[in-house]
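Asker: Have a look at this one.
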Amino acid sequence: MFRFANAIFEPIWNRSYIAYVGIIAAEKLGVENRAGYYEQAGVIRDMFQNHMMQVLALTAMEPPSLFEAERVREEKTKVFRSLKPLDGAEQIDNLILGQYGSGMVDGTEVAGYRQEPKVSSSSLIPTFAMMRVFVDNWRWRGVPFYLVSGKRLARKITRIVVQFKRVPHSMFRNVLGEDILANRLVLGIYPEERITLTFQTKYPGARTCLRPVTLDFSYDQNYSGPTLAAYEKVLLDCIQGDQMLFWSNNGVRLSWSFLTPILQECETCGDRGARLQPYDSGSWGPEAAKKWMKLIIDEEQ
C-alpha cells in the first residue's frame with residue numbers, strides 16, 4: 001500500500017536513489033522449549049526461508065498489474081528468481097553466522113545456547129545469521145539487502161530500513177562545513193507499527209546549519225477500531241480464502257533453491273566451527289556483524 005498507493009515513493013524506489021535496504025527480525029528470547037526443533041533447524045531454516053524472504057519480496061517486488069493474490073505472488077516470485085546465488089567466496093564475504101553465549105537480558109543473567117536444555121554441549125547450530133544479498137535485476141542491480149535475524153539479541157525489534165543515497169552535489173559544503181545526512185525511511189513492524197522518514201531542515205535562527213527531523217506516522221493514529229494480531233489475520237484470510245499473503249508453490253521452490261546451497265555449504269564445510277562466531281546474550285550479535293548491524297539499528301544502540 002505504501003509503495004504503490006503513493007506517487008512520491010515508487011519513482012525513487014530503485015538503485016539510482018537507494019544506497020541499501022536493511023531488514024531485521026531480532027528476538028530477546030532464547031530457544032526456550034524448542035531446542036529439539038532448533039537443533040535440527042537453526043536460524044536460517046527457522047526465520048529466513050519464510051519470514052525474511054517474504055519481507056524481502058514485499059520490499060523489492062515490481063508493481064503488479066492488479067491488486068489480486070495471484071498477480072502479487074507472481075511478482076514476489078520474480079524477486080526470488082532474481083536473487084544472486086551465495087556460494088563459495090560469495091558466501092564467505094556475505095554471510096555471518098553466530099551462536100549466543102551467556103549474558104544479561106533485562107538485568108537477568110541467562111544461559112548460553114549450549115547450556116539450554118536438550119542442546120548438545122558441542123552444538124554448531126547458528127542462532128544468528130546476517131546475509132548481504134543482491135537482487136540481480138534492472139531495478140536493484142548493485143544495491144545490498146542486509147537480512148538479519150537472531151535470538152538473545154538486545155531487544156525484540158522487526159523493521160525495514162530504506163537508506164537513500166546522499167545528495168549528488170553538496171552546494172552547502174562551504175557554508176556548513178559538515179556532511180549532510182542522507183534521507184532514511186524506516187518501516188516499523190514491531191514493537192510499534194509505524195513509518196518514519198528522516199530529512200534535513202534549516203535550524204531555526206540566524207545560524208546557517210542543518211538538522212535532521214522526522215516525519216512520523218503510527219498505524220493506530222486516529223484509529224479506534226479493532227486490530228488483528230498476526231495469527232488472527234492469518235486465520236481470517238484462511239476463512240475468507242484470501243491468498244494474498246500466502247506462498248505460491250513456485251515461491252516456496254525458488255526460496256529453497258536459493259537457501260539450500262547456503263545451508264549445505266554451512267553444514268558440511270571443514271571450518272564449520274570457526275565460521276560460527278559467539279556473541280553475548282543481550283548484545284547485537286557477533287563482533288564481525290557490528291559494521292553491518294550499525295546500518296540498521298544505529299539509533300537503537
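Each chain in the C-alpha cells gets a letter, A, B and so on, in the order shown; residues start at 1 in every chain, and ligands are counted from 1 in the order they appear.
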How would you write, as a PyMOL selection string, the set of residues in segment 11-139 of chain A that DSSP gives as strand (DSSP E or B)?
Answerer: chain A and resi 18-26+83+95-105+108-110+128-135
Asker: Name the residues in contact with segment 238-243 of chain A at a cut-off of 9 Å, using only C-alpha atoms, excluding same-chain residues fewer than 6 positions from it; report them as a VMD selection string.
Answerer: chain A and resid 68 to 70 73
Asker: Could the residues in this selection be saved with N, CA and C atoms as a short mmCIF file (atom, residue, chain, number, x, y, z; two decimals), in the first residue's frame?
Answerer:
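Okay, this is what ended up in result_0.cif:
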```cif
data_model
loop_
_atom_site.label_atom_id
_atom_site.label_comp_id
_atom_site.auth_asym_id
_atom_site.auth_seq_id
_atom_site.Cartn_x
_atom_site.Cartn_y
_atom_site.Cartn_z
N GLU A 68 -4.40 -8.33 -6.94
CA GLU A 68 -5.01 -9.65 -6.84
C GLU A 68 -3.96 -10.63 -6.36
N ALA A 69 -4.40 -11.62 -5.61
CA ALA A 69 -3.46 -12.53 -4.94
C ALA A 69 -2.48 -13.16 -5.92
N GLU A 70 -2.96 -13.72 -7.02
CA GLU A 70 -2.08 -14.43 -7.93
C GLU A 70 -1.05 -13.50 -8.56
N ARG A 73 1.62 -12.52 -5.95
CA ARG A 73 2.52 -13.65 -5.70
C ARG A 73 3.46 -13.89 -6.88
#
```
Asker: Determine, using only C-alpha atoms, which residues of segment 18-46 of chain A have any atom at most 12 Å from an atom of segment 90-108 of chain A, and tabulate each with its shortest atom pair and distance in Å to one decimal place, rows ordered by chain and then rising number, as a Markdown table.
Answerer:
```
| residue | atom | partner | partner_atom | distance |
| --- | --- | --- | --- | --- |
| A:Glu27 | CA | A:Val105 | CA | 11.1 |
| A:Lys28 | CA | A:Val105 | CA | 7.4 |
| A:Leu29 | CA | A:Val105 | CA | 8.9 |
| A:Gly30 | CA | A:Tyr100 | CA | 8.5 |
| A:Val31 | CA | A:Tyr100 | CA | 10.4 |
| A:Glu39 | CA | A:Gln99 | CA | 11.9 |
| A:Gly42 | CA | A:Gln99 | CA | 9.8 |
| A:Val43 | CA | A:Leu97 | CA | 9.2 |
| A:Ile44 | CA | A:Leu97 | CA | 9.6 |
```
Asker: Store the residues picked out above in a file with N, CA and C atoms, as a short mmCIF file (atom, residue, chain, number, x, y, z; two decimals), in the first residue's frame.
Answerer:
```cif
data_model
loop_
_atom_site.label_atom_id
_atom_site.label_comp_id
_atom_site.auth_asym_id
_atom_site.auth_seq_id
_atom_site.Cartn_x
_atom_site.Cartn_y
_atom_site.Cartn_z
N GLU A 27 15.15 -11.03 18.20
CA GLU A 27 14.40 -11.54 19.35
C GLU A 27 15.26 -11.49 20.61
N LYS A 28 14.64 -11.17 21.74
CA LYS A 28 15.33 -11.25 23.03
C LYS A 28 15.33 -12.67 23.58
N LEU A 29 14.31 -13.43 23.24
CA LEU A 29 14.18 -14.78 23.77
C LEU A 29 15.25 -15.71 23.23
N GLY A 30 15.54 -16.76 24.01
CA GLY A 30 16.39 -17.85 23.52
C GLY A 30 15.51 -18.89 22.85
N VAL A 31 15.98 -20.13 22.83
CA VAL A 31 15.20 -21.17 22.17
C VAL A 31 14.06 -21.67 23.05
N GLU A 39 17.66 -27.53 17.21
CA GLU A 39 18.89 -28.27 16.94
C GLU A 39 18.88 -28.89 15.56
N GLY A 42 17.96 -24.51 13.11
CA GLY A 42 18.83 -23.36 13.10
C GLY A 42 18.11 -22.13 12.58
N VAL A 43 18.76 -21.00 12.67
CA VAL A 43 18.09 -19.73 12.38
C VAL A 43 17.72 -19.57 10.91
N ILE A 44 18.50 -20.13 9.99
CA ILE A 44 18.20 -19.93 8.57
C ILE A 44 16.91 -20.64 8.18
#
```
Asker: Between A:Met61, A:Val135, A:Ala35, A:Met130, single out the one closest to Met293 of chain A, counting only C-alpha atoms.
Answerer: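 For Met293 of chain A, the nearest of the given residues is A:Met130.
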Asker: Taking only C-alpha atoms into account, which of A:Thr127, A:His169, A:Gln115, A:Thr227 comes nearest Glu193 of chain A?
Answerer: A:Thr227
Asker: Write out as a count of residues only which residues come within 12 Å of Thr198 of chain A when counting only C-alpha atoms, dropping same-chain ones fewer than 4 positions away.
Answerer: 19
Asker: Among segment 57-107 of chain A, which residues carry a DSSP assignment of alpha helix (DSSP H), reported as a PyMOL selection string?
Answerer: chain A and resi 57-60+69-82+89-94
Asker: Which of these residues is nearest to Val72 of chain A, using only C-alpha atoms: A:Leu295, A:Val234, A:Leu228, A:Met244?
Answerer: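 For Val72 of chain A, the nearest of the candidates is A:Met244.
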Asker: Could you work out how far atom CA of Ile297 of chain A lies from atom CA of Ile125 of chain A, giving the answer in Å with one decimal?
Answerer: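 Atom-to-atom, atom CA of Ile125 of chain A to atom CA of Ile297 of chain A, that is 24.7 Å.
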Asker: Might you pull out every residue within 8 Å of segment 248-258 of chain A, with only C-alpha atoms counted and same-chain residues fewer than 4 positions away left off, and present them as a list in words?
Answerer: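 Using only C-alpha atoms, the neighbours found are Gln49, Met53, Arg73, Lys76, Thr77, Phe80, Arg81, Leu83, Pro85, Leu86 and Ile262 of chain A.
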Asker: Any chance you could export the current selection's N, CA and C atoms as a PDB file, in the first residue's frame?
Answerer:
```pdb
ATOM      1  N   GLN A  49      13.917 -18.746   5.557  1.00  0.00           N
ATOM      2  CA  GLN A  49      13.190 -19.383   4.461  1.00  0.00           C
ATOM      3  C   GLN A  49      11.764 -18.848   4.342  1.00  0.00           C
ATOM      4  N   MET A  53      12.457 -13.898   3.778  1.00  0.00           N
ATOM      5  CA  MET A  53      12.302 -13.907   2.325  1.00  0.00           C
ATOM      6  C   MET A  53      11.008 -13.227   1.899  1.00  0.00           C
ATOM      7  N   ARG A  73       1.617 -12.522  -5.947  1.00  0.00           N
ATOM      8  CA  ARG A  73       2.523 -13.645  -5.701  1.00  0.00           C
ATOM      9  C   ARG A  73       3.457 -13.887  -6.879  1.00  0.00           C
ATOM     10  N   LYS A  76       6.298 -11.414  -6.412  1.00  0.00           N
ATOM     11  CA  LYS A  76       7.204 -11.835  -5.346  1.00  0.00           C
ATOM     12  C   LYS A  76       8.098 -12.979  -5.817  1.00  0.00           C
ATOM     13  N   THR A  77       7.533 -13.880  -6.596  1.00  0.00           N
ATOM     14  CA  THR A  77       8.309 -14.998  -7.125  1.00  0.00           C
ATOM     15  C   THR A  77       9.454 -14.513  -8.010  1.00  0.00           C
ATOM     16  N   PHE A  80      12.563 -13.771  -5.958  1.00  0.00           N
ATOM     17  CA  PHE A  80      13.337 -14.960  -5.597  1.00  0.00           C
ATOM     18  C   PHE A  80      14.146 -15.467  -6.788  1.00  0.00           C
ATOM     19  N   ARG A  81      13.571 -15.384  -7.971  1.00  0.00           N
ATOM     20  CA  ARG A  81      14.260 -15.836  -9.177  1.00  0.00           C
ATOM     21  C   ARG A  81      15.462 -14.946  -9.496  1.00  0.00           C
ATOM     22  N   LEU A  83      17.460 -13.417  -7.241  1.00  0.00           N
ATOM     23  CA  LEU A  83      18.489 -13.374  -6.206  1.00  0.00           C
ATOM     24  C   LEU A  83      19.809 -13.943  -6.717  1.00  0.00           C
ATOM     25  N   PRO A  85      23.076 -15.947  -6.433  1.00  0.00           N
ATOM     26  CA  PRO A  85      23.439 -17.068  -5.547  1.00  0.00           C
ATOM     27  C   PRO A  85      24.547 -16.696  -4.574  1.00  0.00           C
ATOM     28  N   LEU A  86      24.458 -17.257  -3.366  1.00  0.00           N
ATOM     29  CA  LEU A  86      25.504 -17.077  -2.355  1.00  0.00           C
ATOM     30  C   LEU A  86      26.222 -18.409  -2.187  1.00  0.00           C
ATOM     31  N   ILE A 262      23.302 -22.612   0.480  1.00  0.00           N
ATOM     32  CA  ILE A 262      23.898 -21.934   1.644  1.00  0.00           C
ATOM     33  C   ILE A 262      23.929 -22.885   2.831  1.00  0.00           C
TER      34      ILE A 262
END
```
Asker: Which one is closest to Leu58 of chain A: A:Phe246, A:Gly150, A:Tyr20, A:Ala111? Count only C-alpha atoms.
Answerer: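 The answer is A:Phe246, which sits nearest to Leu58 of chain A.
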Asker: Could you check how far atom CA of Val133 of chain A sits from atom CA of Leu56 of chain A, in Å to one decimal?
Answerer: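 That distance, rounded to one decimal, is 9.9 Å.
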Asker: In terms of the shortest atom-to-atom distance over only C-alpha atoms, which of A:Ser281, A:Gly112, A:Gln40, A:Ile24 is closest to Lys294 of chain A?
Answerer: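 Checking each of A:Ser281, A:Gly112, A:Gln40, A:Ile24 against Lys294 of chain A, counting only C-alpha atoms, the winner is A:Ile24.
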